[in-house]
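For reference, entry07.cif is printed below; it contains mmCIF, C-alpha atoms.
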data_start
loop_
_atom_site.group_PDB
_atom_site.id
_atom_site.type_symbol
_atom_site.label_atom_id
_atom_site.label_comp_id
_atom_site.auth_asym_id
_atom_site.auth_seq_id
_atom_site.Cartn_x
_atom_site.Cartn_y
_atom_site.Cartn_z
ATOM 1 C CA MET A 110 85.034 119.481 92.266
ATOM 2 C CA PRO A 111 81.584 120.128 93.738
ATOM 3 C CA GLY A 112 79.869 116.896 94.708
ATOM 4 C CA CYS A 113 83.076 114.820 94.823
ATOM 5 C CA VAL A 114 83.338 113.091 98.193
ATOM 6 C CA LEU A 115 87.149 113.080 98.003
ATOM 7 C CA CYS A 116 87.288 116.804 97.217
ATOM 8 C CA GLU A 117 84.732 117.761 99.826
ATOM 9 C CA GLY A 118 85.734 115.442 102.682
ATOM 10 C CA GLU A 119 88.614 113.394 104.032
ATOM 11 C CA GLY A 120 87.166 110.109 102.812
ATOM 12 C CA GLY A 121 88.355 108.192 105.871
ATOM 13 C CA VAL A 122 90.522 108.398 108.966
ATOM 14 C CA PRO A 123 93.300 110.915 108.198
ATOM 15 C CA VAL A 124 96.786 109.399 108.494
ATOM 16 C CA TRP A 125 98.988 111.915 106.705
ATOM 17 C CA SER A 126 98.491 114.797 104.321
ATOM 18 C CA GLY A 127 101.052 116.411 102.059
ATOM 19 C CA PRO A 128 101.292 118.838 99.182
ATOM 20 C CA ARG A 129 100.144 116.467 96.429
ATOM 21 C CA PHE A 130 98.287 113.555 98.078
ATOM 22 C CA ARG A 131 97.018 112.346 101.414
ATOM 23 C CA LEU A 132 96.845 108.968 103.125
ATOM 24 C CA ILE A 133 93.657 107.834 104.815
ATOM 25 C CA ARG A 134 92.488 104.620 106.453
ATOM 26 C CA THR A 135 89.004 103.519 105.551
ATOM 27 C CA GLU A 136 86.574 101.739 107.828
ATOM 28 C CA GLU A 137 84.106 101.102 105.006
ATOM 29 C CA ALA A 138 85.018 97.482 104.326
ATOM 30 C CA PRO A 139 83.914 95.161 107.159
ATOM 31 C CA GLY A 140 86.483 92.454 107.746
ATOM 32 C CA PHE A 141 89.391 94.463 106.307
ATOM 33 C CA PRO A 142 90.710 96.722 109.058
ATOM 34 C CA ALA A 143 94.075 97.354 107.401
ATOM 35 C CA PHE A 144 92.664 99.149 104.368
ATOM 36 C CA TYR A 145 94.376 102.402 103.368
ATOM 37 C CA ARG A 146 93.938 104.795 100.486
ATOM 38 C CA VAL A 147 96.404 107.130 98.812
ATOM 39 C CA VAL A 148 94.219 109.990 97.588
ATOM 40 C CA TRP A 149 95.645 112.328 94.953
ATOM 41 C CA LEU A 150 94.668 115.895 95.867
ATOM 42 C CA ASP A 151 93.885 117.140 92.352
ATOM 43 C CA HIS A 152 90.559 115.963 91.005
ATOM 44 C CA VAL A 153 91.670 113.730 88.128
ATOM 45 C CA ALA A 154 89.839 110.575 87.113
ATOM 46 C CA GLU A 155 92.510 108.361 85.652
ATOM 47 C CA PHE A 156 96.088 107.414 86.553
ATOM 48 C CA SER A 157 97.186 108.357 83.030
ATOM 49 C CA ASP A 158 95.859 111.890 83.574
ATOM 50 C CA LEU A 159 98.972 112.439 85.722
ATOM 51 C CA SER A 160 102.365 113.398 84.316
ATOM 52 C CA VAL A 161 105.145 110.808 84.300
ATOM 53 C CA ALA A 162 106.729 112.473 87.341
ATOM 54 C CA ASP A 163 103.425 112.587 89.212
ATOM 55 C CA ARG A 164 102.719 108.942 88.416
ATOM 56 C CA ALA A 165 106.093 108.028 89.897
ATOM 57 C CA LEU A 166 105.400 110.141 92.983
ATOM 58 C CA CYS A 167 101.949 108.631 93.393
ATOM 59 C CA MET A 168 103.207 105.072 93.077
ATOM 60 C CA GLU A 169 106.098 105.643 95.476
ATOM 61 C CA ALA A 170 103.436 106.656 97.982
ATOM 62 C CA VAL A 171 101.503 103.466 97.245
ATOM 63 C CA ALA A 172 104.714 101.425 97.514
ATOM 64 C CA LEU A 173 105.680 103.030 100.832
ATOM 65 C CA CYS A 174 102.233 102.312 102.256
ATOM 66 C CA GLU A 175 102.631 98.728 101.081
ATOM 67 C CA LYS A 176 106.101 98.424 102.621
ATOM 68 C CA VAL A 177 104.968 99.712 106.001
ATOM 69 C CA LEU A 178 101.962 97.360 106.030
ATOM 70 C CA ARG A 179 104.219 94.435 105.141
ATOM 71 C CA SER A 180 106.682 95.299 107.846
ATOM 72 C CA GLU A 181 104.138 96.094 110.561
ATOM 73 C CA LEU A 182 101.518 93.406 109.882
ATOM 74 C CA ARG A 183 103.202 90.644 107.870
ATOM 75 C CA PRO A 184 100.169 90.102 105.645
ATOM 76 C CA ASP A 185 99.959 87.131 103.290
ATOM 77 C CA LYS A 186 99.388 89.496 100.346
ATOM 78 C CA ILE A 187 98.967 93.160 99.538
ATOM 79 C CA ASN A 188 96.172 94.156 97.172
ATOM 80 C CA LEU A 189 96.468 97.380 95.163
ATOM 81 C CA ALA A 190 93.714 98.894 93.052
ATOM 82 C CA ALA A 191 92.616 102.138 91.429
ATOM 83 C CA LEU A 192 89.020 101.638 90.379
ATOM 84 C CA GLY A 193 87.065 104.866 90.854
ATOM 85 C CA ASN A 194 83.864 103.759 89.159
ATOM 86 C CA MET A 195 81.827 105.284 91.970
ATOM 87 C CA THR A 196 84.200 108.129 92.783
ATOM 88 C CA PRO A 197 86.200 109.142 89.705
ATOM 89 C CA HIS A 198 88.850 111.001 91.716
ATOM 90 C CA LEU A 199 92.176 109.172 91.637
ATOM 91 C CA HIS A 200 92.723 107.094 94.759
ATOM 92 C CA TRP A 201 94.692 103.912 95.315
ATOM 93 C CA HIS A 202 93.426 101.176 97.577
ATOM 94 C CA VAL A 203 96.176 99.469 99.575
ATOM 95 C CA VAL A 204 94.845 96.513 101.532
ATOM 96 C CA ALA A 205 96.614 93.982 103.749
ATOM 97 C CA ARG A 206 95.148 90.560 103.033
ATOM 98 C CA PHE A 207 95.420 87.454 105.210
ATOM 99 C CA GLU A 208 94.769 83.840 104.328
ATOM 100 C CA ASP A 209 92.148 83.636 107.056
ATOM 101 C CA ASP A 210 90.286 86.797 106.055
ATOM 102 C CA SER A 211 86.672 86.401 104.980
ATOM 103 C CA HIS A 212 87.408 86.520 101.235
ATOM 104 C CA PHE A 213 90.935 85.209 100.655
ATOM 105 C CA PRO A 214 92.053 84.364 97.969
ATOM 106 C CA ALA A 215 89.127 86.119 96.264
ATOM 107 C CA PRO A 216 89.176 89.889 95.795
ATOM 108 C CA LEU A 217 87.677 91.693 98.773
ATOM 109 C CA TRP A 218 84.818 92.881 96.521
ATOM 110 C CA ALA A 219 83.801 89.302 95.642
ATOM 111 C CA GLN A 220 81.644 86.867 97.571
ATOM 112 C CA PRO A 221 83.033 85.803 100.959
ATOM 113 C CA GLN A 222 84.780 82.450 101.195
ATOM 114 C CA ARG A 223 84.226 81.877 104.911
ATOM 115 C CA GLU A 224 83.018 83.433 108.147
ATOM 116 C CA ARG A 225 84.875 86.432 109.468
ATOM 117 C CA ASP A 226 87.556 85.701 112.065
ATOM 118 C CA THR A 227 86.664 88.437 114.493
ATOM 119 C CA ALA A 228 89.465 87.513 116.882
ATOM 120 C CA HIS A 229 92.058 88.051 114.167
ATOM 121 C CA GLU A 230 90.302 91.219 113.013
ATOM 122 C CA SER A 231 90.333 92.597 116.546
ATOM 123 C CA ALA A 232 93.997 91.754 116.965
ATOM 124 C CA LEU A 233 94.708 93.634 113.739
ATOM 125 C CA ALA A 234 92.558 96.557 114.779
ATOM 126 C CA ARG A 235 94.526 96.908 118.018
ATOM 127 C CA ARG A 236 97.692 97.365 115.979
ATOM 128 C CA LEU A 237 96.273 100.078 113.731
ATOM 129 C CA PRO A 238 97.264 103.058 115.888
ATOM 130 C CA ALA A 239 100.889 101.910 115.684
ATOM 131 C CA VAL A 240 100.555 101.244 111.946
ATOM 132 C CA ASP A 241 99.038 104.675 111.380
ATOM 133 C CA ALA A 242 101.858 106.274 113.360
ATOM 134 C CA ALA A 243 104.518 104.377 111.397
ATOM 135 C CA LEU A 244 102.871 105.369 108.129
ATOM 136 C CA ALA A 245 102.638 109.011 109.147
ATOM 137 C CA ALA A 246 106.307 109.084 110.154
ATOM 138 C CA ARG A 247 107.529 107.368 106.979
ATOM 139 C CA PHE A 248 105.338 109.531 104.744
ATOM 140 C CA ALA A 249 106.499 112.700 106.468
ATOM 141 C CA ALA A 250 110.131 111.671 106.011
ATOM 142 C CA SER A 251 109.637 110.788 102.327
ATOM 143 C CA PHE A 252 107.011 113.124 100.941
ATOM 144 C CA ALA A 253 107.153 116.465 102.711
ATOM 145 C CA GLN A 254 108.338 117.870 99.371
ATOM 146 C CA ALA A 255 105.941 117.994 96.432
ATOM 147 C CA ALA A 256 108.169 115.947 94.135
ATOM 148 C CA LEU A 257 110.520 112.995 94.300
ATOM 149 C CA PRO A 258 114.221 113.870 94.573
ATOM 150 C CA PHE A 259 115.011 112.253 91.219
ATOM 151 C CA MET B 106 109.136 79.426 89.626
ATOM 152 C CA PRO B 107 107.877 75.843 89.203
ATOM 153 C CA GLY B 108 104.109 75.675 89.438
ATOM 154 C CA CYS B 109 103.551 79.399 88.736
ATOM 155 C CA VAL B 110 101.113 79.780 85.848
ATOM 156 C CA LEU B 111 102.674 83.115 84.836
ATOM 157 C CA CYS B 112 106.192 81.643 84.818
ATOM 158 C CA GLU B 113 105.190 78.469 82.981
ATOM 159 C CA GLY B 114 102.706 79.897 80.470
ATOM 160 C CA GLU B 115 101.657 83.065 78.703
ATOM 161 C CA GLY B 116 98.632 83.580 80.940
ATOM 162 C CA GLY B 117 96.487 84.904 78.084
ATOM 163 C CA VAL B 118 96.565 86.089 74.496
ATOM 164 C CA PRO B 119 100.081 87.447 73.836
ATOM 165 C CA VAL B 120 100.068 91.109 72.780
ATOM 166 C CA TRP B 121 103.682 92.174 73.258
ATOM 167 C CA SER B 122 106.709 90.862 75.080
ATOM 168 C CA GLY B 123 109.811 92.775 76.070
ATOM 169 C CA PRO B 124 112.899 92.388 78.186
ATOM 170 C CA ARG B 125 111.263 93.031 81.566
ATOM 171 C CA PHE B 126 107.512 92.484 81.188
ATOM 172 C CA ARG B 127 104.911 91.299 78.719
ATOM 173 C CA LEU B 128 101.398 92.404 77.836
ATOM 174 C CA ILE B 129 98.611 89.871 77.484
ATOM 175 C CA ARG B 130 94.875 90.053 76.934
ATOM 176 C CA THR B 131 92.823 87.739 79.090
ATOM 177 C CA GLU B 132 89.608 86.036 78.076
ATOM 178 C CA GLU B 133 88.969 84.753 81.589
ATOM 179 C CA ALA B 134 86.404 87.371 82.635
ATOM 180 C CA PRO B 135 83.080 86.938 80.791
ATOM 181 C CA GLY B 136 81.602 90.316 79.947
ATOM 182 C CA PHE B 137 84.929 92.155 79.996
ATOM 183 C CA PRO B 138 86.545 91.716 76.592
ATOM 184 C CA ALA B 139 88.943 94.650 76.954
ATOM 185 C CA PHE B 140 90.881 93.161 79.870
ATOM 186 C CA TYR B 141 94.666 93.309 79.647
ATOM 187 C CA ARG B 142 97.471 92.357 81.999
ATOM 188 C CA VAL B 143 100.983 93.721 82.336
ATOM 189 C CA VAL B 144 102.965 90.728 83.608
ATOM 190 C CA TRP B 145 106.366 91.379 85.146
ATOM 191 C CA LEU B 146 108.765 88.683 83.921
ATOM 192 C CA ASP B 147 110.631 88.117 87.192
ATOM 193 C CA HIS B 148 108.711 86.063 89.711
ATOM 194 C CA VAL B 149 108.131 88.614 92.470
ATOM 195 C CA ALA B 150 104.999 88.703 94.593
ATOM 196 C CA GLU B 151 104.612 92.333 95.544
ATOM 197 C CA PHE B 152 104.941 95.681 93.779
ATOM 198 C CA SER B 153 107.292 96.864 96.519
ATOM 199 C CA ASP B 154 109.636 93.961 95.748
ATOM 200 C CA LEU B 155 110.689 95.967 92.671
ATOM 201 C CA SER B 156 113.312 98.717 92.732
ATOM 202 C CA VAL B 157 112.186 102.338 92.375
ATOM 203 C CA ALA B 158 113.302 102.333 88.725
ATOM 204 C CA ASP B 159 111.493 99.064 88.002
ATOM 205 C CA ARG B 160 108.325 100.320 89.675
ATOM 206 C CA ALA B 161 108.396 103.374 87.411
ATOM 207 C CA LEU B 162 108.983 101.198 84.355
ATOM 208 C CA CYS B 163 106.186 98.840 85.338
ATOM 209 C CA MET B 164 103.715 101.662 85.925
ATOM 210 C CA GLU B 165 104.603 103.425 82.688
ATOM 211 C CA ALA B 166 103.645 100.168 80.981
ATOM 212 C CA VAL B 167 100.361 100.134 82.903
ATOM 213 C CA ALA B 168 99.776 103.799 82.030
ATOM 214 C CA LEU B 169 100.513 103.247 78.343
ATOM 215 C CA CYS B 170 98.083 100.342 78.222
ATOM 216 C CA GLU B 171 95.508 102.587 79.899
ATOM 217 C CA LYS B 172 96.149 105.429 77.434
ATOM 218 C CA VAL B 173 95.745 103.186 74.402
ATOM 219 C CA LEU B 174 92.524 101.693 75.762
ATOM 220 C CA ARG B 175 91.172 105.185 76.450
ATOM 221 C CA SER B 176 92.047 106.393 72.996
ATOM 222 C CA GLU B 177 90.863 103.296 71.120
ATOM 223 C CA LEU B 178 87.724 102.432 73.095
ATOM 224 C CA ARG B 179 86.633 105.583 74.962
ATOM 225 C CA PRO B 180 85.661 103.636 78.090
ATOM 226 C CA ASP B 181 83.762 105.285 80.926
ATOM 227 C CA LYS B 182 86.492 104.260 83.375
ATOM 228 C CA ILE B 183 89.722 102.332 83.547
ATOM 229 C CA ASN B 184 90.230 99.920 86.431
ATOM 230 C CA LEU B 185 93.743 99.035 87.589
ATOM 231 C CA ALA B 186 94.622 96.366 90.116
ATOM 232 C CA ALA B 187 97.486 94.227 91.354
ATOM 233 C CA LEU B 188 95.955 91.552 93.559
ATOM 234 C CA GLY B 189 97.814 88.260 93.102
ATOM 235 C CA ASN B 190 96.111 86.341 95.879
ATOM 236 C CA MET B 191 95.730 83.309 93.616
ATOM 237 C CA THR B 192 98.888 83.876 91.561
ATOM 238 C CA PRO B 193 101.503 85.729 93.607
ATOM 239 C CA HIS B 194 103.534 86.762 90.569
ATOM 240 C CA LEU B 195 103.316 90.500 89.935
ATOM 241 C CA HIS B 196 100.760 91.331 87.258
ATOM 242 C CA TRP B 197 98.620 94.415 86.754
ATOM 243 C CA HIS B 198 95.052 94.174 85.569
ATOM 244 C CA VAL B 199 94.058 96.974 83.178
ATOM 245 C CA VAL B 200 90.367 96.834 82.346
ATOM 246 C CA ALA B 201 88.192 99.115 80.219
ATOM 247 C CA ARG B 202 84.875 99.604 81.983
ATOM 248 C CA PHE B 203 81.621 100.871 80.504
ATOM 249 C CA GLU B 204 78.520 102.165 82.229
ATOM 250 C CA ASP B 205 76.459 99.473 80.548
ATOM 251 C CA ASP B 206 78.762 96.579 81.434
ATOM 252 C CA SER B 207 77.307 93.863 83.650
ATOM 253 C CA HIS B 208 78.884 95.147 86.873
ATOM 254 C CA PHE B 209 79.347 98.924 86.558
ATOM 255 C CA PRO B 210 79.891 100.799 88.859
ATOM 256 C CA ALA B 211 80.764 97.789 91.012
ATOM 257 C CA PRO B 212 84.174 96.152 90.717
ATOM 258 C CA LEU B 213 84.211 93.428 88.079
ATOM 259 C CA TRP B 214 84.791 90.864 90.834
ATOM 260 C CA ALA B 215 81.581 91.811 92.664
ATOM 261 C CA GLN B 216 78.027 90.727 92.019
ATOM 262 C CA PRO B 217 76.596 91.780 88.636
ATOM 263 C CA GLN B 218 74.339 94.796 88.525
ATOM 264 C CA ARG B 219 72.444 93.882 85.341
ATOM 265 C CA GLU B 220 72.292 91.484 82.414
ATOM 266 C CA ARG B 221 75.205 91.420 80.019
ATOM 267 C CA ASP B 222 74.827 93.585 76.914
ATOM 268 C CA THR B 223 76.074 91.042 74.398
ATOM 269 C CA ALA B 224 75.653 93.446 71.479
ATOM 270 C CA HIS B 225 78.000 95.950 73.102
ATOM 271 C CA GLU B 226 80.375 93.184 74.114
ATOM 272 C CA SER B 227 80.485 91.870 70.537
ATOM 273 C CA ALA B 228 81.100 95.343 69.164
ATOM 274 C CA LEU B 229 83.997 95.700 71.591
ATOM 275 C CA ALA B 230 85.345 92.261 70.730
ATOM 276 C CA ARG B 231 85.434 93.163 67.035
ATOM 277 C CA ARG B 232 87.722 96.085 67.851
ATOM 278 C CA LEU B 233 90.192 94.031 69.863
ATOM 279 C CA PRO B 234 92.494 93.065 66.970
ATOM 280 C CA ALA B 235 92.997 96.771 66.249
ATOM 281 C CA VAL B 236 93.464 97.520 69.949
ATOM 282 C CA ASP B 237 95.994 94.695 70.290
ATOM 283 C CA ALA B 238 97.880 96.013 67.263
ATOM 284 C CA ALA B 239 97.911 99.572 68.624
ATOM 285 C CA LEU B 240 99.143 98.330 71.987
ATOM 286 C CA ALA B 241 101.873 96.208 70.405
ATOM 287 C CA ALA B 242 103.083 99.157 68.312
ATOM 288 C CA ARG B 243 103.082 101.611 71.208
ATOM 289 C CA PHE B 244 104.762 99.149 73.554
ATOM 290 C CA ALA B 245 107.437 98.342 70.981
ATOM 291 C CA ALA B 246 108.127 102.034 70.465
ATOM 292 C CA SER B 247 108.307 102.744 74.212
ATOM 293 C CA PHE B 248 109.709 99.643 75.869
ATOM 294 C CA ALA B 249 112.105 97.872 73.530
ATOM 295 C CA GLN B 250 114.831 98.865 75.992
ATOM 296 C CA ALA B 251 114.898 97.313 79.440
ATOM 297 C CA ALA B 252 114.754 100.640 81.280
ATOM 298 C CA LEU B 253 113.088 104.001 80.972
ATOM 299 C CA PRO B 254 115.243 106.739 79.400
ATOM 300 C CA PHE B 255 115.169 108.862 82.543
#
Could you render the structure as structure tokens?
Amino acid sequence: MPGCVLCEGEGGVPVWSGPRFRLIRTEEAPGFPAFYRVVWLDHVAEFSDLSVADRALCMEAVALCEKVLRSELRPDKINLAALGNMTPHLHWHVVARFEDDSHFPAPLWAQPQRERDTAHESALARRLPAVDAALAARFAASFAQAALPF
Amino acid sequence: MPGCVLCEGEGGVPVWSGPRFRLIRTEEAPGFPAFYRVVWLDHVAEFSDLSVADRALCMEAVALCEKVLRSELRPDKINLAALGNMTPHLHWHVVARFEDDSHFPAPLWAQPQRERDTAHESALARRLPAVDAALAARFAASFAQAALPF
């Protein structure tokens, strides 16, 4: 779709790309280094524009991203969202949240609750190459085919 | 789970309740009358705590809520989110967004972009009984059983 930033560009740091969706890491949200997005390749606006099978595939990708973040980073909570008000091209935010992050327990889009803990953020950022590699390996093992095996 | 507001109470206006999840409408977010939540009945914190089959069931409920809101209200966008930082009991926010709502295109948790359009909000609120009824009927037809038929 001409003019769509997710059709015309990666939208973030590429982590993995497959036949139906790709996984990127975004650096757009200061204070939230472990912020990934599952981007559906087709330009559709809403989750319910997908077929039942594609919704399942899409959400298994979101769930696998969540699982890897939980296992690699032990966050206090995972936040999932498909908003798309600015960019109506289906993409799922998957964000590792920590009790000491600048906004917890508020949504990351709300007003901050405290100063940023740059030491913790830097420690997280140092782990991102390993997290990206784990995500890429798990996604490759699970989603090289265009559909789920069930 | 003792102390969990979604285990101990409805959490909003009851719309439909089934064997695995319930649908409520929340009145907690001023300016967003068409704000529903799919609440998983088991007390689990994260989406990836569910089985593959339960994730599909849960997301088909989210998608059906989205479809009914689209058809009944013609919103400019649907917003979906599972955050749970305050209440770590799996629930999905399903919100109809409009270009003239107080926050669009920002997330509803962010700073407002403009004054509330109370006339539009009231017009939406008057349609909610019909929306609730449509949701209840569609959910009953689709989710009376505890599992998806595939």
Counting only C-alpha atoms, what are the residues of chain B within 9 Å of chain A, and for each of them which pair of atoms is the nearest and at what distance in Å, to one decimal? Sort the table by chain and rising number, as JSON lines.
{"residue": "B:Ala150", "atom": "CA", "partner": "A:Lys186", "partner_atom": "CA", "distance": 8.1}
{"residue": "B:Glu151", "atom": "CA", "partner": "A:Ile187", "partner_atom": "CA", "distance": 7.0}
{"residue": "B:Phe152", "atom": "CA", "partner": "A:Ala172", "partner_atom": "CA", "distance": 6.9}
{"residue": "B:Ser153", "atom": "CA", "partner": "A:Ala172", "partner_atom": "CA", "distance": 5.3}
{"residue": "B:Asp154", "atom": "CA", "partner": "A:Lys176", "partner_atom": "CA", "distance": 8.9}
{"residue": "B:Val157", "atom": "CA", "partner": "A:Glu169", "partner_atom": "CA", "distance": 7.6}
{"residue": "B:Arg160", "atom": "CA", "partner": "A:Met168", "partner_atom": "CA", "distance": 7.8}
{"residue": "B:Ala161", "atom": "CA", "partner": "A:Ala165", "partner_atom": "CA", "distance": 5.8}
{"residue": "B:Met164", "atom": "CA", "partner": "A:Arg164", "partner_atom": "CA", "distance": 7.8}
{"residue": "B:Glu165", "atom": "CA", "partner": "A:Val161", "partner_atom": "CA", "distance": 7.6}
{"residue": "B:Val167", "atom": "CA", "partner": "A:Ser157", "partner_atom": "CA", "distance": 8.8}
{"residue": "B:Ala168", "atom": "CA", "partner": "A:Ser157", "partner_atom": "CA", "distance": 5.3}
{"residue": "B:Leu169", "atom": "CA", "partner": "A:Ser157", "partner_atom": "CA", "distance": 7.7}
{"residue": "B:Glu171", "atom": "CA", "partner": "A:Ser157", "partner_atom": "CA", "distance": 6.8}
{"residue": "B:Lys172", "atom": "CA", "partner": "A:Ser157", "partner_atom": "CA", "distance": 6.4}
{"residue": "B:Asp181", "atom": "CA", "partner": "A:Asn194", "partner_atom": "CA", "distance": 8.4}
{"residue": "B:Lys182", "atom": "CA", "partner": "A:Asn194", "partner_atom": "CA", "distance": 6.4}
{"residue": "B:Ile183", "atom": "CA", "partner": "A:Leu192", "partner_atom": "CA", "distance": 6.9}
{"residue": "B:Asn184", "atom": "CA", "partner": "A:Leu192", "partner_atom": "CA", "distance": 4.5}
{"residue": "B:Leu185", "atom": "CA", "partner": "A:Ala191", "partner_atom": "CA", "distance": 5.1}
{"residue": "B:Ala186", "atom": "CA", "partner": "A:Ala190", "partner_atom": "CA", "distance": 4.0}
{"residue": "B:Ala187", "atom": "CA", "partner": "A:Leu189", "partner_atom": "CA", "distance": 5.0}
{"residue": "B:Leu188", "atom": "CA", "partner": "A:Asn188", "partner_atom": "CA", "distance": 4.5}
{"residue": "B:Gly189", "atom": "CA", "partner": "A:Asn188", "partner_atom": "CA", "distance": 7.4}
{"residue": "B:Asn190", "atom": "CA", "partner": "A:Pro214", "partner_atom": "CA", "distance": 5.0}
{"residue": "B:Met191", "atom": "CA", "partner": "A:Pro214", "partner_atom": "CA", "distance": 5.8}
{"residue": "B:Pro193", "atom": "CA", "partner": "A:Lys186", "partner_atom": "CA", "distance": 8.0}
{"residue": "B:His198", "atom": "CA", "partner": "A:Ala190", "partner_atom": "CA", "distance": 8.9}
{"residue": "B:Arg202", "atom": "CA", "partner": "A:Asn194", "partner_atom": "CA", "distance": 8.4}
{"residue": "B:Glu204", "atom": "CA", "partner": "A:Asn194", "partner_atom": "CA", "distance": 8.9}
{"residue": "B:Phe209", "atom": "CA", "partner": "A:Asn194", "partner_atom": "CA", "distance": 7.1}
{"residue": "B:Pro210", "atom": "CA", "partner": "A:Asn194", "partner_atom": "CA", "distance": 5.0}
{"residue": "B:Ala211", "atom": "CA", "partner": "A:Asn194", "partner_atom": "CA", "distance": 7.0}
{"residue": "B:Pro212", "atom": "CA", "partner": "A:Trp218", "partner_atom": "CA", "distance": 6.7}
{"residue": "B:Leu213", "atom": "CA", "partner": "A:Trp218", "partner_atom": "CA", "distance": 8.5}
{"residue": "B:Trp214", "atom": "CA", "partner": "A:Ala219", "partner_atom": "CA", "distance": 5.2}
{"residue": "B:Ala215", "atom": "CA", "partner": "A:Ala219", "partner_atom": "CA", "distance": 4.5}
{"residue": "B:Gln216", "atom": "CA", "partner": "A:Ala219", "partner_atom": "CA", "distance": 7.0}
Mind writing the picked residues with C-alpha atoms as a compact mmCIF listing (two decimals), keeping the file's coordinate frame?
# COMPACT_ATOMS: atom_id res chain seq x y z
CA ALA B 150 105.00 88.70 94.59
CA GLU B 151 104.61 92.33 95.54
CA PHE B 152 104.94 95.68 93.78
CA SER B 153 107.29 96.86 96.52
CA ASP B 154 109.64 93.96 95.75
CA VAL B 157 112.19 102.34 92.38
CA ARG B 160 108.32 100.32 89.68
CA ALA B 161 108.40 103.37 87.41
CA MET B 164 103.72 101.66 85.92
CA GLU B 165 104.60 103.42 82.69
CA VAL B 167 100.36 100.13 82.90
CA ALA B 168 99.78 103.80 82.03
CA LEU B 169 100.51 103.25 78.34
CA GLU B 171 95.51 102.59 79.90
CA LYS B 172 96.15 105.43 77.43
CA ASP B 181 83.76 105.28 80.93
CA LYS B 182 86.49 104.26 83.38
CA ILE B 183 89.72 102.33 83.55
CA ASN B 184 90.23 99.92 86.43
CA LEU B 185 93.74 99.04 87.59
CA ALA B 186 94.62 96.37 90.12
CA ALA B 187 97.49 94.23 91.35
CA LEU B 188 95.96 91.55 93.56
CA GLY B 189 97.81 88.26 93.10
CA ASN B 190 96.11 86.34 95.88
CA MET B 191 95.73 83.31 93.62
CA PRO B 193 101.50 85.73 93.61
CA HIS B 198 95.05 94.17 85.57
CA ARG B 202 84.88 99.60 81.98
CA GLU B 204 78.52 102.16 82.23
CA PHE B 209 79.35 98.92 86.56
CA PRO B 210 79.89 100.80 88.86
CA ALA B 211 80.76 97.79 91.01
CA PRO B 212 84.17 96.15 90.72
CA LEU B 213 84.21 93.43 88.08
CA TRP B 214 84.79 90.86 90.83
CA ALA B 215 81.58 91.81 92.66
CA GLN B 216 78.03 90.73 92.02
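The interatomic distance for the pair atom CA of A:Pro142 and atom CA of A:Ala228 works out to 12.1 Å.
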Spatial neighbours of stretch 230-234 of chain B, max dist 10 Å, only C-alpha atoms, sep filter under 6 positions, as a PyMOL selection string: chain B and resi 120+130+137-139+174+177-178+224+240
Next, write the just-selected residues to a file, as a compact mmCIF listing (two decimals), keeping the file's coordinate frame, keeping C-alpha atoms as the atom set.
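Wrote it out as selection-v7.txt, contents follow:
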# COMPACT_ATOMS: atom_id res chain seq x y z
CA VAL B 120 100.07 91.11 72.78
CA ARG B 130 94.88 90.05 76.93
CA PHE B 137 84.93 92.16 80.00
CA PRO B 138 86.54 91.72 76.59
CA ALA B 139 88.94 94.65 76.95
CA LEU B 174 92.52 101.69 75.76
CA GLU B 177 90.86 103.30 71.12
CA LEU B 178 87.72 102.43 73.10
CA ALA B 224 75.65 93.45 71.48
CA LEU B 240 99.14 98.33 71.99
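The space between atom CA of A:Arg223 and atom CA of B:Cys112 spans 29.8 Å.
On the file presented, the PyMOL selection byres ((chain B and resi 131-133) around 8) picks out B:Gly116, B:Gly117, B:Val118, B:Ile129, B:Arg130, B:Ala134, B:Pro135, B:Phe137, B:Pro138, B:Phe140, B:Tyr141, B:Arg142.
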Give me the residues near A:Ser126 as a short mmCIF file (atom, residue, chain, number, x, y, z; two decimals) with C-alpha atoms, in the coordinates of the input, where near means some atom within 9 Å (using all atoms listed in the file) and where sequence neighbours in that chain fewer than 3 positions away do not count.
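The file below, result-v7.cif, is the result:
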data_model
loop_
_atom_site.label_atom_id
_atom_site.label_comp_id
_atom_site.auth_asym_id
_atom_site.auth_seq_id
_atom_site.Cartn_x
_atom_site.Cartn_y
_atom_site.Cartn_z
CA PRO A 123 93.30 110.92 108.20
CA ARG A 129 100.14 116.47 96.43
CA PHE A 130 98.29 113.56 98.08
CA ARG A 131 97.02 112.35 101.41
CA LEU A 132 96.84 108.97 103.12
CA ILE A 133 93.66 107.83 104.82
CA ALA A 245 102.64 109.01 109.15
CA PHE A 248 105.34 109.53 104.74
CA ALA A 249 106.50 112.70 106.47
CA ALA A 253 107.15 116.46 102.71
#
For atom CA of B:Val173 and atom CA of B:Pro254, the interatomic separation in Å (one decimal): 20.4 Å
Residues near A:Glu224, cut-off 9 Å, all atoms listed in the file, skip fewer than 3 positions along chain, as a list of chain:residue names: A:Asp210, A:Ser211, A:His212, A:Pro221, A:Thr227
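Compared by their closest atoms to A:His229, and using only C-alpha atoms, the residues A:Asp241, A:Val153, A:Pro111, A:Gly140 rank with A:Gly140 nearest.
Using all atoms listed in the file for every distance, the candidate list A:Trp125, A:Cys167, A:Leu199, A:Leu257 yields A:Trp125 as the residue closest to A:Ala242.
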